[in-house]
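One file, work.cif, carrying mmCIF, C-alpha atoms and all ligand atoms:
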```cif
data_my_file
loop_
_atom_site.label_atom_id
_atom_site.label_comp_id
_atom_site.auth_asym_id
_atom_site.auth_seq_id
_atom_site.Cartn_x
_atom_site.Cartn_y
_atom_site.Cartn_z
CA MET A 238 -173.79 -122.70 91.23
CA ASN A 239 -175.61 -120.28 88.91
CA VAL A 240 -173.61 -117.44 87.38
CA PRO A 241 -175.73 -114.99 85.40
CA PHE A 242 -174.18 -113.09 82.51
CA LEU A 243 -175.29 -109.87 84.23
CA ASP A 244 -177.05 -109.18 87.53
CA LEU A 245 -178.54 -105.71 87.96
CA LYS A 246 -180.68 -106.63 90.96
CA ILE A 247 -177.72 -107.22 93.24
CA GLN A 248 -176.30 -103.79 92.46
CA TYR A 249 -179.63 -102.12 93.24
CA GLN A 250 -179.63 -103.76 96.69
CA SER A 251 -176.25 -102.16 97.45
CA ILE A 252 -177.37 -98.58 96.59
CA LYS A 253 -181.09 -98.73 97.41
CA GLU A 254 -180.78 -96.33 100.36
CA GLU A 255 -179.32 -93.65 98.08
CA ILE A 256 -181.51 -94.29 95.04
CA THR A 257 -184.91 -94.09 96.72
CA PRO A 258 -184.60 -90.51 98.10
CA ALA A 259 -182.98 -89.31 94.86
CA ILE A 260 -185.94 -90.57 92.80
CA GLN A 261 -188.41 -89.29 95.38
CA LYS A 262 -186.92 -85.80 95.13
CA VAL A 263 -187.54 -85.74 91.38
CA ILE A 264 -191.13 -86.86 91.83
CA GLU A 265 -191.83 -84.40 94.65
CA SER A 266 -190.39 -81.51 92.66
CA ALA A 267 -192.16 -82.74 89.47
CA SER A 268 -188.90 -82.23 87.51
CA PHE A 269 -189.68 -85.15 85.23
CA VAL A 270 -187.79 -83.92 82.17
CA LEU A 271 -184.24 -82.46 82.40
CA GLY A 272 -184.22 -80.30 85.59
CA ASP A 273 -181.70 -80.17 88.46
CA ALA A 274 -181.05 -83.91 88.71
CA VAL A 275 -180.02 -84.09 85.04
CA ALA A 276 -177.97 -80.86 85.27
CA ASN A 277 -176.12 -82.12 88.37
CA PHE A 278 -175.38 -85.42 86.68
CA GLU A 279 -174.13 -83.68 83.51
CA ASN A 280 -171.74 -81.58 85.61
CA GLY A 281 -170.35 -84.61 87.43
CA PHE A 282 -170.08 -86.66 84.27
CA LYS A 283 -168.20 -84.01 82.31
CA ARG A 284 -165.77 -83.55 85.22
CA GLU A 285 -165.13 -87.32 85.28
CA HIS A 286 -164.37 -87.27 81.55
CA ASN A 287 -162.48 -84.01 81.53
CA VAL A 288 -164.67 -82.64 78.74
CA ARG A 289 -166.08 -79.08 78.60
CA HIS A 290 -169.71 -79.86 77.75
CA CYS A 291 -172.05 -82.79 78.33
CA PHE A 292 -175.79 -83.07 77.63
CA GLY A 293 -178.03 -85.83 78.92
CA VAL A 294 -180.14 -87.29 76.11
CA SER A 295 -182.74 -89.99 75.64
CA SER A 296 -180.46 -92.91 74.61
CA GLY A 297 -177.04 -93.79 73.24
CA THR A 298 -178.58 -94.31 69.81
CA ASP A 299 -179.99 -90.78 69.92
CA GLY A 300 -176.55 -89.59 71.05
CA ASN A 301 -174.95 -91.32 68.03
CA HIS A 302 -177.39 -89.49 65.78
CA MET A 303 -177.12 -86.10 67.48
CA ALA A 304 -173.32 -86.12 67.44
CA LEU A 305 -173.22 -86.56 63.64
CA TRP A 306 -176.26 -84.39 62.92
CA GLY A 307 -174.82 -81.59 65.02
CA LEU A 308 -171.60 -81.78 62.99
CA GLY A 309 -173.65 -81.18 59.83
CA ILE A 310 -173.51 -84.72 58.41
CA GLY A 311 -176.36 -85.23 55.93
CA GLY A 312 -177.60 -86.81 52.71
CA GLY A 313 -174.87 -87.92 50.28
CA ASP A 314 -172.18 -87.96 52.98
CA GLU A 315 -170.22 -91.04 54.00
CA VAL A 316 -169.26 -91.92 57.56
CA ILE A 317 -166.53 -94.46 58.34
CA ILE A 318 -167.62 -96.94 61.00
CA PRO A 319 -166.10 -100.20 62.29
CA ALA A 320 -167.88 -103.33 61.02
CA ASN A 321 -167.47 -104.77 64.52
CA THR A 322 -169.87 -102.80 66.67
CA PHE A 323 -173.51 -102.69 67.73
CA ILE A 324 -175.82 -101.47 64.95
CA ALA A 325 -176.68 -98.24 66.79
CA THR A 326 -173.31 -96.80 65.72
CA ALA A 327 -174.42 -97.13 62.10
CA TRP A 328 -177.89 -95.69 62.81
CA GLY A 329 -176.09 -92.49 63.80
CA ALA A 330 -175.10 -92.11 60.14
CA THR A 331 -178.25 -93.47 58.49
CA LEU A 332 -180.56 -91.27 60.60
CA CYS A 333 -178.67 -88.28 59.15
CA GLY A 334 -179.29 -89.63 55.64
CA ALA A 335 -175.59 -90.53 55.32
CA THR A 336 -174.07 -93.85 54.23
CA PRO A 337 -172.05 -95.94 56.68
CA VAL A 338 -168.76 -97.17 55.19
CA PHE A 339 -167.42 -100.13 57.10
CA VAL A 340 -163.83 -100.89 58.11
CA ASP A 341 -162.31 -104.02 59.66
CA CYS A 342 -161.08 -104.17 63.25
CA ASP A 343 -157.65 -104.85 64.71
CA VAL A 344 -156.98 -108.47 65.63
CA GLU A 345 -155.63 -107.64 69.12
CA SER A 346 -157.72 -104.70 70.33
CA TYR A 347 -160.95 -105.58 68.44
CA THR A 348 -161.45 -101.84 67.76
CA ILE A 349 -161.34 -100.09 64.33
CA ASP A 350 -158.03 -100.72 62.54
CA PRO A 351 -156.56 -97.28 61.68
CA LYS A 352 -154.38 -98.88 58.97
CA LYS A 353 -157.52 -99.81 57.04
CA VAL A 354 -159.28 -96.44 57.27
CA GLU A 355 -157.50 -94.39 54.61
CA GLU A 356 -158.34 -96.78 51.75
CA ARG A 357 -162.05 -96.26 52.47
CA ILE A 358 -161.95 -92.45 52.26
CA THR A 359 -163.68 -90.88 49.23
CA PRO A 360 -164.53 -87.26 48.35
CA ARG A 361 -167.86 -87.85 50.12
CA THR A 362 -166.35 -88.97 53.44
CA LYS A 363 -167.16 -86.51 56.23
CA ALA A 364 -166.46 -88.32 59.49
CA ILE A 365 -164.88 -91.30 61.22
CA VAL A 366 -166.61 -92.86 64.23
CA ALA A 367 -164.24 -94.61 66.62
CA VAL A 368 -166.03 -97.08 68.89
CA HIS A 369 -164.32 -97.88 72.20
CA LEU A 370 -165.60 -101.43 71.99
CA TYR A 371 -166.11 -103.77 74.96
CA GLY A 372 -164.53 -101.00 77.13
CA GLN A 373 -161.23 -100.81 75.22
CA PRO A 374 -160.45 -97.40 73.64
CA ALA A 375 -159.79 -97.32 69.91
CA ASP A 376 -156.29 -96.22 68.85
CA MET A 377 -157.09 -92.49 68.68
CA ASP A 378 -153.78 -90.87 67.68
CA PRO A 379 -153.50 -92.40 64.19
CA LEU A 380 -157.22 -91.76 63.68
CA LYS A 381 -156.72 -88.11 64.67
CA ASP A 382 -153.89 -87.82 62.12
CA ILE A 383 -156.04 -89.31 59.35
CA ALA A 384 -158.99 -87.07 60.25
CA ARG A 385 -156.76 -83.98 60.25
CA ASP A 386 -155.04 -84.88 56.94
CA HIS A 387 -158.35 -85.46 55.17
CA ASN A 388 -160.31 -82.71 56.89
CA LEU A 389 -162.79 -85.12 58.51
CA PHE A 390 -164.63 -85.03 61.80
CA LEU A 391 -163.62 -87.61 64.36
CA VAL A 392 -166.38 -88.86 66.68
CA GLU A 393 -166.23 -91.29 69.61
CA ASP A 394 -168.92 -93.84 70.44
CA CYS A 395 -168.31 -94.32 74.17
CA ALA A 396 -171.45 -96.43 74.82
CA GLN A 397 -169.32 -99.22 76.33
CA SER A 398 -166.42 -97.23 77.74
CA HIS A 399 -167.32 -94.84 80.56
CA VAL A 400 -164.09 -93.57 82.22
CA ALA A 401 -161.85 -95.69 79.97
CA GLU A 402 -158.52 -94.04 79.13
CA TYR A 403 -156.39 -93.58 76.03
CA MET A 404 -152.77 -92.61 76.76
CA GLY A 405 -153.82 -91.56 80.27
CA LYS A 406 -156.70 -89.38 79.03
CA ARG A 407 -160.36 -90.18 79.57
CA VAL A 408 -162.42 -90.99 76.48
CA GLY A 409 -165.23 -88.65 75.42
CA GLY A 410 -163.14 -85.51 74.95
CA LEU A 411 -160.60 -86.95 72.49
CA SER A 412 -162.52 -86.02 69.34
CA HIS A 413 -164.90 -83.38 67.93
CA ALA A 414 -167.92 -84.99 69.61
CA SER A 415 -168.78 -88.13 71.52
CA SER A 416 -171.80 -90.09 72.64
CA PHE A 417 -172.49 -92.33 75.62
CA SER A 418 -175.19 -94.88 76.42
CA PHE A 419 -176.63 -95.41 79.89
CA TYR A 420 -178.72 -98.44 78.89
CA PRO A 421 -179.26 -100.36 82.17
CA GLY A 422 -176.58 -103.00 81.52
CA LYS A 423 -173.83 -100.50 80.67
CA ASN A 424 -170.95 -99.77 83.07
CA LEU A 425 -172.97 -96.74 84.14
CA GLY A 426 -176.59 -97.70 83.60
CA ALA A 427 -179.86 -95.81 84.13
CA TYR A 428 -183.16 -97.35 85.24
CA GLY A 429 -184.56 -97.02 81.73
CA GLU A 430 -183.28 -95.48 78.51
CA ALA A 431 -180.68 -92.69 78.65
CA GLY A 432 -177.55 -91.39 76.93
CA ALA A 433 -175.34 -88.32 76.57
CA VAL A 434 -173.36 -86.30 74.05
CA ALA A 435 -170.14 -84.46 74.92
CA THR A 436 -167.80 -82.01 73.21
CA ASN A 437 -165.04 -79.49 73.93
CA ASP A 438 -166.35 -77.17 71.20
CA ASP A 439 -168.44 -74.29 72.61
CA ALA A 440 -170.35 -73.59 69.38
CA LEU A 441 -171.21 -77.27 68.88
CA ALA A 442 -172.29 -77.47 72.53
CA ARG A 443 -174.79 -74.65 71.99
CA LYS A 444 -176.14 -76.54 68.99
CA PHE A 445 -176.43 -79.81 70.95
CA LYS A 446 -178.30 -78.06 73.74
CA MET A 447 -180.84 -76.65 71.30
CA MET A 448 -181.11 -79.80 69.16
CA ARG A 449 -182.10 -81.99 72.08
CA ASP A 450 -184.98 -79.61 72.87
CA HIS A 451 -186.64 -78.98 69.48
CA GLY A 452 -183.88 -76.70 68.18
CA ALA A 453 -184.76 -73.97 70.66
CA GLU A 454 -182.79 -72.24 73.39
CA HIS A 455 -185.90 -70.36 74.49
CA LYS A 456 -189.34 -71.95 74.38
CA TYR A 457 -191.12 -71.60 71.00
CA ASP A 458 -188.12 -69.86 69.44
CA HIS A 459 -186.84 -72.60 67.12
CA GLU A 460 -183.50 -71.50 65.64
CA ILE A 461 -182.32 -74.83 64.17
CA HIS A 462 -183.64 -78.30 63.37
CA GLY A 463 -183.95 -80.55 66.36
CA HIS A 464 -185.95 -83.26 68.03
CA ASN A 465 -187.01 -84.34 71.50
CA TYR A 466 -183.82 -85.95 72.81
CA ARG A 467 -184.25 -84.84 76.45
CA MET A 468 -183.15 -87.03 79.36
CA GLU A 469 -185.77 -87.82 82.02
CA GLY A 470 -185.29 -86.38 85.50
CA ILE A 471 -185.52 -89.79 87.17
CA GLN A 472 -182.71 -91.12 84.98
CA GLY A 473 -180.57 -88.08 85.87
CA ALA A 474 -181.16 -88.78 89.58
CA VAL A 475 -180.26 -92.49 89.28
CA LEU A 476 -177.17 -91.72 87.20
CA GLY A 477 -176.09 -89.01 89.64
CA VAL A 478 -176.12 -91.54 92.51
CA LYS A 479 -174.43 -94.26 90.47
CA LEU A 480 -171.70 -91.94 89.17
CA ASN A 481 -170.29 -91.79 92.72
CA HIS A 482 -169.74 -95.56 92.60
CA LEU A 483 -168.37 -95.80 89.08
CA ALA A 484 -164.68 -95.68 90.05
CA ASP A 485 -165.09 -98.61 92.47
CA TRP A 486 -167.19 -100.58 90.00
CA THR A 487 -164.61 -99.99 87.25
CA ASP A 488 -161.81 -101.19 89.55
CA ALA A 489 -163.84 -104.31 90.30
CA ARG A 490 -164.35 -105.03 86.58
CA ARG A 491 -160.61 -104.65 85.97
CA ARG A 492 -159.81 -106.99 88.88
CA HIS A 493 -162.27 -109.58 87.56
CA ALA A 494 -160.67 -109.39 84.10
CA GLN A 495 -157.22 -109.97 85.58
CA ARG A 496 -158.51 -112.95 87.54
CA TYR A 497 -160.15 -114.42 84.41
CA ASN A 498 -156.91 -113.82 82.45
CA MET A 499 -154.90 -115.66 85.08
CA LEU A 500 -157.25 -118.61 85.42
CA LEU A 501 -157.71 -119.03 81.66
CA LYS A 502 -154.13 -118.56 80.56
CA ASP A 503 -152.27 -121.35 78.77
CA LEU A 504 -155.39 -122.86 77.23
CA PRO A 505 -154.13 -123.48 73.69
CA LEU A 506 -157.57 -123.30 72.05
CA LEU A 507 -158.72 -120.10 73.76
CA THR A 508 -157.65 -116.45 73.42
CA THR A 509 -158.21 -114.06 76.34
CA PRO A 510 -158.69 -110.30 75.72
CA LYS A 511 -155.63 -108.05 75.54
CA GLU A 512 -155.48 -104.58 77.03
CA ALA A 513 -153.78 -102.40 74.41
CA PRO A 514 -150.54 -100.77 75.63
CA TYR A 515 -152.14 -97.31 75.29
CA ALA A 516 -155.36 -98.27 77.08
CA LYS A 517 -157.09 -98.41 80.40
CA HIS A 518 -159.74 -100.97 79.48
CA VAL A 519 -162.94 -100.83 81.56
CA TYR A 520 -164.22 -104.29 80.60
CA HIS A 521 -167.84 -103.56 79.82
CA LEU A 522 -167.51 -107.04 78.34
CA TYR A 523 -164.94 -109.77 78.93
CA VAL A 524 -164.70 -111.35 75.48
CA ILE A 525 -162.78 -114.57 74.85
CA ARG A 526 -162.27 -116.24 71.48
CA THR A 527 -162.34 -119.90 70.49
CA LEU A 528 -163.12 -121.91 67.35
CA HIS A 529 -165.37 -124.05 69.55
CA ARG A 530 -167.48 -121.10 70.68
CA ASP A 531 -170.96 -122.53 70.07
CA ARG A 532 -170.23 -125.80 71.85
CA LEU A 533 -168.53 -123.96 74.72
CA GLN A 534 -171.54 -121.69 75.12
CA LYS A 535 -173.86 -124.72 75.36
CA HIS A 536 -171.51 -126.37 77.87
CA LEU A 537 -171.53 -123.23 80.05
CA GLN A 538 -175.30 -122.98 79.82
CA ALA A 539 -175.63 -126.62 80.95
CA ASN A 540 -173.49 -125.66 83.97
CA GLY A 541 -175.75 -122.71 84.87
CA ILE A 542 -173.42 -120.05 83.44
CA GLY A 543 -174.75 -117.20 81.30
CA SER A 544 -172.77 -115.80 78.37
CA GLY A 545 -173.32 -113.50 75.38
CA LEU A 546 -172.34 -112.96 71.73
CA HIS A 547 -171.01 -109.52 70.79
CA TYR A 548 -171.62 -109.55 67.86
CA PRO A 549 -172.60 -112.69 65.93
CA VAL A 550 -173.45 -110.92 62.63
CA PRO A 551 -171.11 -108.10 61.59
CA LEU A 552 -172.70 -104.91 60.32
CA HIS A 553 -171.57 -105.35 56.68
CA LEU A 554 -173.44 -108.69 56.54
CA GLN A 555 -176.68 -107.41 58.06
CA LYS A 556 -179.72 -107.64 55.78
CA VAL A 557 -180.55 -104.00 56.28
CA PHE A 558 -177.25 -103.04 54.61
CA ALA A 559 -177.48 -105.55 51.73
CA ASN A 560 -177.89 -102.63 49.28
CA LEU A 561 -174.39 -101.39 50.18
CA GLY A 562 -172.87 -104.34 48.31
CA TYR A 563 -170.64 -105.91 50.97
CA LYS A 564 -169.98 -109.64 50.95
CA LYS A 565 -168.59 -112.37 53.19
CA GLY A 566 -164.80 -112.15 53.29
CA ASP A 567 -164.67 -108.32 53.10
CA PHE A 568 -163.59 -107.92 56.73
CA PRO A 569 -161.81 -111.12 57.84
CA VAL A 570 -160.96 -110.06 61.41
CA THR A 571 -164.50 -108.91 62.17
CA GLU A 572 -165.90 -112.11 60.63
CA GLN A 573 -163.50 -114.25 62.64
CA LEU A 574 -164.59 -112.49 65.82
CA ALA A 575 -168.26 -112.94 64.92
CA ASN A 576 -167.68 -116.70 64.73
CA GLU A 577 -165.34 -117.07 67.70
CA CYS A 578 -166.16 -114.50 70.36
CA LEU A 579 -167.93 -115.32 73.60
CA SER A 580 -168.60 -112.83 76.41
CA LEU A 581 -168.27 -114.36 79.89
CA PRO A 582 -170.16 -113.05 82.95
CA MET A 583 -168.92 -109.57 83.86
CA PHE A 584 -170.37 -107.16 86.40
CA PRO A 585 -168.79 -105.48 89.43
CA GLU A 586 -170.55 -107.66 92.02
CA LEU A 587 -169.29 -110.93 90.53
CA THR A 588 -167.58 -112.94 93.31
CA GLY A 589 -164.21 -114.69 93.25
CA GLU A 590 -166.00 -118.04 93.64
CA GLN A 591 -168.20 -117.31 90.64
CA ILE A 592 -165.20 -116.44 88.47
CA GLU A 593 -163.41 -119.61 89.60
CA PHE A 594 -166.49 -121.67 88.82
CA VAL A 595 -166.76 -120.17 85.31
CA CYS A 596 -163.05 -120.80 84.64
CA GLU A 597 -163.21 -124.37 85.96
CA SER A 598 -166.15 -124.97 83.69
CA VAL A 599 -164.29 -123.51 80.67
CA ARG A 600 -161.21 -125.62 81.49
CA GLY A 601 -163.42 -128.70 81.95
CA PHE A 602 -164.78 -128.17 78.44
CA PHE A 603 -161.33 -128.11 76.88
CA ASP A 604 -160.07 -131.05 78.97
C1 LIG B 1 -171.38 -99.40 70.75
C2 LIG B 1 -172.79 -98.97 71.04
N1 LIG B 1 -173.24 -97.83 70.49
C3 LIG B 1 -174.48 -97.37 70.74
C4 LIG B 1 -175.35 -98.06 71.56
C5 LIG B 1 -176.74 -97.56 71.73
O1 LIG B 1 -177.07 -97.22 73.02
P1 LIG B 1 -178.59 -97.26 73.53
O2 LIG B 1 -178.97 -98.67 73.74
O3 LIG B 1 -178.54 -96.45 74.80
O4 LIG B 1 -179.43 -96.59 72.50
C6 LIG B 1 -174.91 -99.23 72.18
C7 LIG B 1 -175.82 -99.97 73.08
O5 LIG B 1 -175.83 -101.15 73.21
C8 LIG B 1 -173.60 -99.71 71.91
O6 LIG B 1 -173.15 -100.84 72.46
#
```
Go through the file and emit its structure as structure tokens.
Amino acid sequence: MNVPFLDLKIQYQSIKEEITPAIQKVIESASFVLGDAVANFENGFKREHNVRHCFGVSSGTDGNHMALWGLGIGGGDEVIIPANTFIATAWGATLCGATPVFVDCDVESYTIDPKKVEERITPRTKAIVAVHLYGQPADMDPLKDIARDHNLFLVEDCAQSHVAEYMGKRVGGLSHASSFSFYPGKNLGAYGEAGAVATNDDALARKFKMMRDHGAEHKYDHEIHGHNYRMEGIQGAVLGVKLNHLADWTDARRRHAQRYNMLLKDLPLLTTPKEAPYAKHVYHLYVIRTLHRDRLQKHLQANGIGSGLHYPVPLHLQKVFANLGYKKGDFPVTEQLANECLSLPMFPELTGEQIEFVCESVRGFFD
């Protein structure tokens, strides 16, 4: 049996009848950039996340940048970011001219460790970015307290966590500003590049709206700095259709994670992911840990099973950040994860037989 790490084709087959007319409508109305399809999606998406404002943008990376830029982060500022995340979180800061300051992650949740944040704050610190990594929300309450006590902005990177919940509340509206990615493989994925920013702050929302369209509310009347961060109409149409299925797909991911947990429990050399007590995890990724990761990955590959590494080189050890002066050993939990983590196949359409096959293969390796 072959079990891919991710299968987007199978999902398309299940929604083809809805997708085709939605795309056709955009083409026939020539609303290729923003337009009704994007506006309708934004309305649905903000309702789902219980947040006042949402703007469709060109990618999650652009959303990371816009969120910080809109908050006024600039040259000379520092932004606290978990070392365990995808590099796009850090680009949000560097594209503003700010310096990312890395922090280790928690050994159970794999998200930023709030206990390690305060020691990294300096007079130049302006913001903390909490990443809801793998679909698990970061521990927001202690981060909110730290941000309030030190007069910092708190920002959420929700690229991997659509409709995840912290203490019963959806992510995206739990901070000053948030960003989402709709890269095709995400829990809610476009058919190309796309992202969003969200906020509950009316003044910031006005700024976001202008920034994504050259800093102008009215054509050729450029009030503030901006860029072209507009979402394409076709992506809005695809996302609008897919949003109606997101609840079912999220339930399926959570069921698959439970099944994996059950079938992989009691393996002494393997750690399964833990849903934090405050969290509704949406399992963008199902990440296990083992000291024998590289050999296990090869074994799975030989059995026709795809897997992934998220992330094999932590941000503080990336060449591009060598000038920041970090070294091996600075963030032991992140470094341990980088050496031990392995993401098993996870997508809503995964079948029970496929999960059993993956787990048998994992068990076979350890036997
Ligand atoms: C945590 C995180 N932030 C930001 C991004 C960037 O999103 P995009 O690929 O849409 O630019 C990603 C995408 O992989 C991500 O995983």
* To do: Using all atoms listed in the file, pick whichever of A:Ala364, A:Ala427, A:Ile471, A:Ala325 has the shortest atom-to-atom distance to ligand LIG 1 (chain B).
  =>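 Under the stated criterion, the closest residue is A:Ala325.
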* Asked: For A:Tyr466, which residue among A:Tyr563, A:Phe292, A:Phe584, A:Phe568 is the nearest when counting all atoms listed in the file?
  -> A:Phe292
Contacts of ligand LIG 1 (chain B), 9 Å or closer, all atoms listed in the file, given as a compact mmCIF listing (two decimals) with C-alpha atoms, in the frame of the given file:
```txt
# COMPACT_ATOMS: atom_id res chain seq x y z
CA SER A 295 -182.74 -89.99 75.64
CA SER A 296 -180.46 -92.91 74.61
CA GLY A 297 -177.04 -93.79 73.24
CA THR A 298 -178.58 -94.31 69.81
CA ASP A 299 -179.99 -90.78 69.92
CA GLY A 300 -176.55 -89.59 71.05
CA ASN A 301 -174.95 -91.32 68.03
CA THR A 322 -169.87 -102.80 66.67
CA PHE A 323 -173.51 -102.69 67.73
CA ILE A 324 -175.82 -101.47 64.95
CA ALA A 325 -176.68 -98.24 66.79
CA THR A 326 -173.31 -96.80 65.72
CA ALA A 327 -174.42 -97.13 62.10
CA TRP A 328 -177.89 -95.69 62.81
CA GLY A 329 -176.09 -92.49 63.80
CA VAL A 368 -166.03 -97.08 68.89
CA HIS A 369 -164.32 -97.88 72.20
CA LEU A 370 -165.60 -101.43 71.99
CA TYR A 371 -166.11 -103.77 74.96
CA ASP A 394 -168.92 -93.84 70.44
CA CYS A 395 -168.31 -94.32 74.17
CA ALA A 396 -171.45 -96.43 74.82
CA GLN A 397 -169.32 -99.22 76.33
CA SER A 398 -166.42 -97.23 77.74
CA SER A 416 -171.80 -90.09 72.64
CA PHE A 417 -172.49 -92.33 75.62
CA SER A 418 -175.19 -94.88 76.42
CA PHE A 419 -176.63 -95.41 79.89
CA TYR A 420 -178.72 -98.44 78.89
CA PRO A 421 -179.26 -100.36 82.17
CA GLY A 422 -176.58 -103.00 81.52
CA LYS A 423 -173.83 -100.50 80.67
CA GLU A 430 -183.28 -95.48 78.51
CA ALA A 431 -180.68 -92.69 78.65
CA GLY A 432 -177.55 -91.39 76.93
CA ALA A 433 -175.34 -88.32 76.57
```
* Distance criterion (only C-alpha atoms): nearest to A:Ile264 out of A:Ala474, A:Val524, A:Leu574, A:Val408 ->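 That would be A:Ala474, the residue with the smallest distance to A:Ile264.
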* Of the residues A:His482, A:Arg532, A:His493, A:Lys502, which is the one nearest to A:Ile252, using only C-alpha atoms? -> A:His482
* Shell of 10 Å around A:Asp378, all atoms listed in the file, local chain residues under 6 positions omitted, as a VMD selection string -> chain A and resid 351 384 403 to 404 411
Any chance you can output those residues with C-alpha atoms as a PDB file, in the coordinates of the input?
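Result went into out20.pdb, see below:
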```
ATOM      1  CA  PRO A 351    -156.560 -97.280  61.680  1.00  0.00           C
ATOM      2  CA  ALA A 384    -158.990 -87.070  60.250  1.00  0.00           C
ATOM      3  CA  TYR A 403    -156.390 -93.580  76.030  1.00  0.00           C
ATOM      4  CA  MET A 404    -152.770 -92.610  76.760  1.00  0.00           C
ATOM      5  CA  LEU A 411    -160.600 -86.950  72.490  1.00  0.00           C
TER       6      LEU A 411
END
```
